[in-house]
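S.K.: This is run27.json (JSON, C-alpha atoms).
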[["chain", "number", "residue", "atom", "x", "y", "z"],
["A", 39, "PRO", "CA", -19.96, -12.77, 73.04],
["A", 40, "LYS", "CA", -20.68, -16.16, 71.37],
["A", 41, "GLU", "CA", -23.41, -14.59, 69.29],
["A", 42, "LYS", "CA", -21.12, -11.74, 68.43],
["A", 43, "VAL", "CA", -18.36, -14.13, 67.33],
["A", 44, "ALA", "CA", -20.88, -16.16, 65.32],
["A", 45, "ALA", "CA", -22.19, -12.98, 63.68],
["A", 46, "MET", "CA", -18.64, -11.91, 62.89],
["A", 47, "ARG", "CA", -17.87, -15.32, 61.42],
["A", 48, "GLU", "CA", -21.03, -15.19, 59.35],
["A", 49, "GLU", "CA", -20.12, -11.69, 58.15],
["A", 50, "LEU", "CA", -16.57, -12.88, 57.40],
["A", 51, "HIS", "CA", -17.88, -15.84, 55.36],
["A", 52, "LYS", "CA", -20.27, -13.54, 53.53],
["A", 53, "ARG", "CA", -17.46, -11.13, 52.66],
["A", 54, "ALA", "CA", -15.18, -14.02, 51.64],
["A", 55, "ASP", "CA", -17.91, -15.32, 49.29],
["A", 56, "GLU", "CA", -18.34, -11.84, 47.84],
["A", 57, "LEU", "CA", -14.58, -11.57, 47.30],
["A", 58, "ARG", "CA", -14.47, -15.01, 45.64],
["A", 59, "ALA", "CA", -17.29, -13.97, 43.31],
["A", 60, "GLU", "CA", -15.48, -10.71, 42.54],
["A", 61, "VAL", "CA", -12.22, -12.60, 41.86],
["A", 62, "SER", "CA", -14.11, -14.99, 39.57],
["A", 63, "ASP", "CA", -15.66, -12.05, 37.69],
["A", 64, "LEU", "CA", -12.26, -10.38, 37.41],
["A", 65, "ARG", "CA", -10.69, -13.57, 36.04],
["A", 66, "THR", "CA", -13.49, -13.90, 33.48],
["A", 67, "SER", "CA", -13.04, -10.27, 32.54],
["A", 68, "GLU", "CA", -9.27, -10.76, 32.28],
["A", 69, "ARG", "CA", -9.70, -13.78, 29.98],
["A", 70, "LYS", "CA", -12.10, -11.81, 27.79],
["A", 71, "ALA", "CA", -9.67, -8.88, 27.66],
["A", 72, "GLN", "CA", -6.82, -11.26, 26.74],
["A", 73, "GLN", "CA", -8.93, -12.77, 23.95],
["A", 74, "GLU", "CA", -9.82, -9.31, 22.63],
["A", 75, "LEU", "CA", -6.17, -8.30, 22.80],
["A", 76, "ALA", "CA", -5.11, -11.43, 20.90],
["A", 77, "LYS", "CA", -7.78, -10.73, 18.28],
["A", 78, "ALA", "CA", -6.66, -7.10, 17.94],
["A", 79, "GLN", "CA", -3.01, -8.18, 17.68],
["A", 80, "GLY", "CA", -3.96, -10.68, 14.97],
["A", 81, "LYS", "CA", -5.78, -7.98, 13.01],
["A", 82, "LEU", "CA", -2.86, -5.60, 13.47],
["A", 83, "SER", "CA", -0.41, -8.23, 12.27],
["A", 84, "PHE", "CA", -2.60, -8.98, 9.25],
["A", 85, "GLU", "CA", -2.90, -5.29, 8.37],
["A", 86, "ALA", "CA", 0.85, -4.74, 8.85],
["A", 87, "ASP", "CA", 1.61, -7.65, 6.49],
["A", 88, "ARG", "CA", -0.95, -6.34, 4.02],
["A", 89, "SER", "CA", 0.58, -2.88, 4.20],
["A", 90, "LYS", "CA", 4.04, -4.31, 3.52],
["A", 91, "ARG", "CA", 2.73, -6.26, 0.52],
["A", 92, "LEU", "CA", 0.98, -3.16, -0.83],
["A", 93, "ASP", "CA", 4.11, -1.05, -0.34],
["A", 94, "ALA", "CA", 6.22, -3.65, -2.18],
["A", 95, "SER", "CA", 3.65, -3.81, -4.98],
["A", 96, "MET", "CA", 3.53, -0.03, -5.21],
["A", 97, "GLN", "CA", 7.33, 0.16, -5.41],
["A", 98, "GLN", "CA", 7.34, -2.46, -8.17],
["A", 99, "ARG", "CA", 4.61, -0.61, -10.11],
["A", 100, "THR", "CA", 6.46, 2.68, -9.65],
["A", 101, "LYS", "CA", 9.64, 1.13, -11.07],
["A", 102, "GLU", "CA", 7.69, -0.35, -13.98],
["A", 103, "LEU", "CA", 6.15, 3.06, -14.65],
["A", 104, "GLU", "CA", 9.57, 4.73, -14.53],
["A", 105, "ASP", "CA", 10.97, 2.10, -16.92],
["A", 106, "ARG", "CA", 8.07, 2.59, -19.33],
["A", 107, "SER", "CA", 8.44, 6.35, -19.12],
["A", 108, "ALA", "CA", 12.12, 6.00, -20.01],
["A", 109, "GLN", "CA", 11.23, 3.70, -22.94],
["A", 110, "LEU", "CA", 8.59, 6.17, -24.11],
["A", 111, "ALA", "CA", 11.08, 9.04, -23.94],
["A", 112, "LYS", "CA", 13.56, 7.04, -26.05],
["A", 113, "LEU", "CA", 10.85, 6.15, -28.58],
["A", 114, "GLU", "CA", 9.72, 9.78, -28.78],
["A", 115, "GLU", "CA", 13.32, 10.85, -29.33],
["A", 116, "ARG", "CA", 13.76, 8.22, -32.05],
["A", 117, "ASN", "CA", 10.45, 9.24, -33.65],
["A", 118, "LYS", "CA", 11.55, 12.89, -33.67],
["A", 119, "ALA", "CA", 14.85, 11.95, -35.31],
["A", 120, "LEU", "CA", 12.99, 9.92, -37.95],
["A", 121, "GLU", "CA", 10.54, 12.79, -38.56],
["A", 122, "ASP", "CA", 13.43, 15.25, -38.89],
["A", 123, "GLY", "CA", 15.15, 12.90, -41.35],
["A", 124, "ARG", "CA", 11.93, 12.47, -43.34],
["A", 125, "ARG", "CA", 11.48, 16.24, -43.53],
["A", 126, "ARG", "CA", 15.08, 16.69, -44.72],
["A", 127, "HIS", "CA", 14.62, 14.00, -47.38],
["A", 128, "GLU", "CA", 11.30, 15.50, -48.51],
["A", 129, "GLY", "CA", 12.95, 18.93, -48.70],
["A", 130, "ALA", "CA", 15.87, 17.51, -50.66],
["A", 131, "ALA", "CA", 13.45, 15.66, -52.97],
["A", 132, "ARG", "CA", 11.43, 18.83, -53.61],
["A", 133, "GLU", "CA", 14.63, 20.74, -54.26],
["A", 134, "ALA", "CA", 15.82, 18.04, -56.68],
["A", 135, "GLU", "CA", 12.43, 18.04, -58.45],
["A", 136, "ALA", "CA", 12.54, 21.82, -58.71],
["A", 137, "LYS", "CA", 16.06, 21.70, -60.17],
["A", 138, "ALA", "CA", 14.99, 18.98, -62.62],
["A", 139, "ALA", "CA", 11.96, 21.02, -63.65],
["A", 140, "GLN", "CA", 14.14, 24.11, -64.04],
["A", 141, "ALA", "CA", 16.63, 22.14, -66.11],
["A", 142, "ARG", "CA", 13.84, 20.94, -68.42],
["A", 143, "GLU", "CA", 12.62, 24.52, -68.83],
["A", 144, "ASP", "CA", 16.08, 25.92, -69.56],
["A", 145, "PRO", "CA", 17.11, 25.32, -73.17]]
Go through the file and emit its structure as structure tokens.
M.R.:
Amino acid sequence: PKEKVAAMREELHKRADELRAEVSDLRTSERKAQQELAKAQGKLSFEADRSKRLDASMQQRTKELEDRSAQLAKLEERNKALEDGRRRHEGAAREAEAKAAQAREDP
């Protein structure tokens, strides 16, 4: 029985050493996983902030584009009004020239 108890103790110590090594490996693995998680969270946070900045920039550019489109529409409307006025004045001038020419021809 003494040999059996000694063998059991030796086996128990061996298993305890194996468990300690496994626990150590698991702790190392856990630390590595925590570091990877922290790194991934940092990247995610960076990308989320970048996405917010890009969204804000896009909204600003969209508003600027809408404002410029509105300005362009007003300028096109004003240009059309000026062109219409020019055509009316040219028509009136031609009509006046024609009347003046007719008056010179009529005795």
S.K.: Rounded to one decimal place, report the atom CA of Leu75 of chain A-atom CA of Val61 of chain A distance in Å.
M.R.: 20.5 Å
S.K.: Report the distance between atom CA of Glu56 of chain A and atom CA of Lys70 of chain A in Å, rounded to one decimal place.
M.R.: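 Calculated distance between atom CA of Glu56 of chain A and atom CA of Lys70 of chain A is 21.0 Å.
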S.K.: Centre and edge lengths of an axis-aligned box around all listed atoms of segment 71-83 of chain A, with 4 Å added on each side, are to be given in Å to one decimal, as lines of an AutoDock Vina configuration file.
M.R.:
center_x = -5.1
center_y = -9.2
center_z = 20.0
size_x = 17.4
size_y = 15.2
size_z = 23.4
S.K.: Can you measure atom CA of Ser62 of chain A to atom CA of Gln79 of chain A for me? One decimal in Å is fine.
M.R.: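 A separation of 25.5 Å between them.
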